[in-house]
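Okay, structure first, notes after.
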Amino acid sequence: MISQPCLKYLLLIGLSISCLNLTDKVYAQNQLIIDSEIGKLLLEPVSDTLVVPYGMAFLPDGKILVSDRPKGIIYLLDPNTRIKKTLQNLQGVKGLSFGGMLDIALHPKYAKNGWIYFNHTIKEAQGYALVLERAKLRGSTLVSRQRLFTALPYHDSEGHFGSSIVLQNGYVFFSTGDFYDLKDSAQTLSNHLGKIIRLHDDGRIPRDNPFVNIAGAKPEIWSLGHRNPQGLAVNPATSQLWEHEHGPKGGDEINVIKEGKNYGWPVITHGIDYDGKPIGQGIKEKEGLEQPIYFYDPSIAPCGMLFYSGQRFPEWKNNLFIGALALRHLNRLVIQGDKIVHEERLFTGQRWRIRNVKEGPDGFVYIAIDNGRIMRIKPY
């Protein structure tokens with residue numbers, strides 16, 4: 001029920017917005033002012049008409065490529081005018097519950113080569129699978145579309161697809177999930193599930209990948225033992241690849257990804273199964289298996305990952321930001337070396353399922369929310 005003060009305010013400004021916390025200041029443009037540890041933040045919407053915004057990638061001109069996961073499409077969004085166009089030539093995307101159109105990333109030399117990388121799910125006679133593609137943008141149409149990789153095996157139902165993309169030093173890294181009910185596959189080198197994959201940026205398999213010369217192993221594998229990794233990012237202070245993944249009930253992890261390492265799932269975990277029973281032998285560590293540098297219990301359900309490097313928020317320099325789907329906030333982490341020394345949970349009062357977080361070329365922070373909105377965060 002809407003309170004009388006809120007109803008009166010809605011009638012005055014003529015907007016269909018819900019009554020927010022009294023600590024938030026609401027403007028006619030639906031802006032919010034929210035407290036944080038570094039001072040007040042101004043949040044303003046740049047789009048509110050998506051279903052589930054998942055991947056975001058900023059073009060040099062400041063426009064945003066945004067994937068709408070269940071609709072299986074990518075929009076070209078102008079964050080200043082809020083006008084968006086649906087990109088053409090994206091047939092073949094299939095998936096609703098966990099799949100659809102997923103992450104997007106630009107080649108580091110995009111201004112010269114124009115390559116856009118994206119992953120999505122397909123459904124064929126064998127079942128569902130995650131694929132990685134790349135294409136170039138001409139107007140509002142994707143051209144020169146190329147399939148670079150298909151994660152095997154197919155499965156008869158949708159599950160954990162993982163799916164976050166990072167390009168670095170001529171390579172493309174991306175994550176795959178364990179399909180939920182195929183969790184043991186994360187420990188098997190003969191498939192691509194529950195892995196971090198490394199390819200040359202044109203799709204070729206690097207000869208120095210750690211399992212290239214192992215009989216029966218998939219040569220694209222860079223690391224294994226992952227559950228459902230939906231965050232990858234490069235730490236600018238160290239150039240190391242960082243990852244986060246959903247645990248079961250408890251035990252969401254943040255890991256520093258190293259070549260050929262095994263991150264333990266489902267042999268070790270800091271969580272339990274959803275019915276309260278232990279997973280496997282119920283152990284949290286084992287020789288030869290990597291420990292996370294940080295884990296969440298209870299789970300926050302992490303999604304999206306950003307190391308902030310801009311000038312708009314100097315206090316946030318090199319801080320790590322992660323969206324939280326279950327505990328509904330933006331997770332800010334202060335890092336010293338490979339250790340997390342402080343955590344702040346932003347926007348807890350809004351109860352937003354934050355799906356992704358990116359830094360724009362303007363130095364502001366943008367968050368994608370499961371209610372269909374993309375918000376821009378500015379200092380106030």
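Ordered as shown in the structure tokens, chains take letters A, B, and onward, while each chain numbers its residues from 1 and ligands are numbered from 1 in the order shown.
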### Query
A:Ile340: which residues within 10 Å, counting only C-alpha atoms, same-chain residues fewer than 3 positions away excluded, as a VMD selection string?
chain A and resid 254 293 to 294 319 to 320 333 to 337 343
### Message
When you count only C-alpha atoms, which of these residues is closest to A:Val51: A:Ala151, A:Asn89, A:Arg373, A:Pro379?
### Response
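Closest to A:Val51 of all the choices is A:Arg373.
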### Task
Could you give me the residues within stretch 59-293 of chain A that DSSP places in strand (DSSP E), as a ChimeraX atom specification?
/A:64-68,73-77,84-86,101-106,116-124,127-138,141-150,165-168,171-175,195-200,221-224,228-234,241-246,252-257
Any chance you can output those residues with C-alpha atoms as a short mmCIF file (atom, residue, chain, number, x, y, z; two decimals), in the first residue's frame?
data_model
loop_
_atom_site.label_atom_id
_atom_site.label_comp_id
_atom_site.auth_asym_id
_atom_site.auth_seq_id
_atom_site.Cartn_x
_atom_site.Cartn_y
_atom_site.Cartn_z
CA ILE A 64 26.45 1.12 -24.60
CA LEU A 65 25.97 -2.34 -26.05
CA VAL A 66 23.53 -4.03 -23.66
CA SER A 67 22.39 -7.64 -23.86
CA ASP A 68 18.84 -8.47 -22.81
CA ILE A 73 19.09 -9.58 -28.25
CA ILE A 74 21.63 -6.76 -27.95
CA TYR A 75 20.66 -3.09 -27.83
CA LEU A 76 22.71 -0.07 -28.82
CA LEU A 77 21.82 2.40 -26.06
CA LYS A 84 18.03 2.35 -27.89
CA LYS A 85 18.15 0.36 -31.13
CA THR A 86 17.91 -3.40 -31.48
CA MET A 101 22.17 -13.45 -24.72
CA LEU A 102 24.88 -13.16 -22.08
CA ASP A 103 28.14 -11.22 -21.79
CA ILE A 104 29.64 -8.69 -24.23
CA ALA A 105 33.20 -7.33 -24.49
CA LEU A 106 35.10 -5.16 -26.94
CA ILE A 116 32.81 -7.23 -30.55
CA TYR A 117 32.80 -10.49 -28.56
CA PHE A 118 29.64 -11.97 -27.07
CA ASN A 119 28.47 -15.29 -25.74
CA HIS A 120 25.02 -16.79 -25.75
CA THR A 121 23.26 -20.11 -25.57
CA ILE A 122 22.00 -22.25 -28.42
CA LYS A 123 19.63 -25.19 -28.60
CA GLU A 124 20.19 -27.91 -31.15
CA GLY A 127 20.56 -30.00 -26.34
CA TYR A 128 21.77 -26.65 -24.99
CA ALA A 129 25.30 -25.26 -25.20
CA LEU A 130 27.20 -22.02 -24.59
CA VAL A 131 28.98 -20.45 -27.57
CA LEU A 132 31.42 -17.58 -28.06
CA GLU A 133 31.10 -15.39 -31.15
CA ARG A 134 32.49 -12.18 -32.50
CA ALA A 135 31.19 -9.68 -35.04
CA LYS A 136 31.55 -6.08 -36.21
CA LEU A 137 28.99 -3.30 -36.00
CA ARG A 138 27.79 -1.55 -39.14
CA THR A 141 23.62 -4.51 -37.82
CA LEU A 142 26.23 -7.04 -36.75
CA VAL A 143 28.32 -8.14 -39.72
CA SER A 144 31.24 -10.55 -40.23
CA ARG A 145 29.72 -12.72 -37.52
CA GLN A 146 31.98 -15.65 -36.55
CA ARG A 147 31.45 -18.61 -34.20
CA LEU A 148 34.73 -19.04 -32.30
CA PHE A 149 33.87 -21.75 -29.78
CA THR A 150 31.16 -24.13 -28.57
CA ILE A 165 34.40 -12.47 -21.09
CA VAL A 166 37.78 -10.73 -20.75
CA LEU A 167 40.29 -9.90 -23.48
CA GLN A 168 43.94 -9.38 -22.60
CA TYR A 171 43.79 -13.70 -25.77
CA VAL A 172 40.13 -14.05 -24.93
CA PHE A 173 39.24 -15.63 -21.58
CA PHE A 174 35.71 -16.65 -20.71
CA SER A 175 33.97 -18.74 -18.10
CA LYS A 195 36.16 -24.11 -16.61
CA ILE A 196 37.94 -20.91 -17.59
CA ILE A 197 38.68 -21.11 -21.32
CA ARG A 198 41.58 -19.37 -23.06
CA LEU A 199 41.80 -18.81 -26.81
CA HIS A 200 43.66 -16.51 -29.14
CA ILE A 221 41.03 -25.18 -20.77
CA TRP A 222 42.97 -22.64 -18.69
CA SER A 223 41.66 -23.58 -15.21
CA LEU A 224 39.09 -25.99 -13.79
CA ASN A 228 29.02 -21.02 -11.99
CA PRO A 229 31.47 -18.18 -12.65
CA GLN A 230 29.66 -15.02 -13.72
CA GLY A 231 32.45 -12.53 -13.13
CA LEU A 232 35.87 -12.06 -14.75
CA ALA A 233 38.07 -8.97 -14.59
CA VAL A 234 41.74 -8.01 -14.80
CA LEU A 241 42.81 -12.37 -13.95
CA TRP A 242 40.26 -12.42 -11.13
CA GLU A 243 37.05 -14.44 -11.05
CA HIS A 244 34.01 -14.91 -8.88
CA GLU A 245 31.52 -17.74 -8.89
CA HIS A 246 28.27 -18.72 -7.28
CA ASP A 252 30.38 -17.80 -3.19
CA GLU A 253 34.05 -17.39 -4.09
CA ILE A 254 36.51 -14.79 -5.36
CA ASN A 255 39.60 -16.34 -6.94
CA VAL A 256 42.80 -15.18 -8.57
CA ILE A 257 42.96 -17.37 -11.67
#
### Summary
From the list A:Glu285, A:Asp178, A:Asp61, A:Glu290, the nearest residue to A:Tyr110 using only C-alpha atoms is A:Asp61
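Here the residues within stretch 50-270 of chain A that DSSP labels helix (DSSP H, G or I) on the basis of the backbone are Tyr110, Ala111, Lys112, Asn113, Lys183, Asp184, Ser185, Ala186 and Gln187 of chain A.
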Dump C-alpha atoms for the selected residues as a PDB file, in the first residue's frame?
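Okay, this is what ended up in part-v1.pdb:
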ATOM      1  CA  TYR A 110      38.345  -2.046 -31.067  1.00  0.00           C
ATOM      2  CA  ALA A 111      38.979   1.388 -32.547  1.00  0.00           C
ATOM      3  CA  LYS A 112      41.221  -0.276 -35.151  1.00  0.00           C
ATOM      4  CA  ASN A 113      39.650  -3.705 -35.733  1.00  0.00           C
ATOM      5  CA  LYS A 183      28.810 -30.625 -11.216  1.00  0.00           C
ATOM      6  CA  ASP A 184      31.347 -33.468 -11.367  1.00  0.00           C
ATOM      7  CA  SER A 185      32.168 -32.327 -14.892  1.00  0.00           C
ATOM      8  CA  ALA A 186      34.046 -29.369 -13.390  1.00  0.00           C
ATOM      9  CA  GLN A 187      36.775 -31.818 -12.323  1.00  0.00           C
TER      10      GLN A 187
END
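Here the question is which of A:Leu32, A:Val341, A:Ala301, A:Val357 gets nearest to A:Phe321 using only C-alpha atoms, and that residue is A:Val357.
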#### Entry: Straight-line distance linking atom CA of A:Leu325 with atom CA of A:Gly304, stated in Å to one decimal
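Here the two named atoms are 10.1 Å from each other.
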### Message
Restricting the calculation to only C-alpha atoms: of A:Pro278, A:Gly170, A:Gly177, A:Gly372, which residue gets closest to A:His155?
### Response
A:Gly177
### Polymer residues at most 10 Å from A:Gly250, only C-alpha atoms, same-chain spacing of 6 or more positions, as number ranges by chain
A: 269-274, 295-301
### Query
Near A:Gly310, within 12 Å and counting only C-alpha atoms, which residues show up once chain neighbours fewer than 5 positions away are dropped, as a ChimeraX atom specification?
/A:236,315-319,358-365,378
### Task
Would you kindly return, as a ChimeraX atom specification, each protein, DNA or RNA residue with an atom no farther than 8 Å from any atom of A:Phe98, considering only C-alpha atoms and excluding same-chain residues fewer than 4 positions away?
/A:158-161
### Message
Let me make sure I understand: among A:His192, A:Pro314, A:Asn169, A:Asn209, which one has the smallest atom-to-atom distance to A:Ser239 if we use only C-alpha atoms?
### Response
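That would be A:Asn169, the residue with the smallest distance to A:Ser239.
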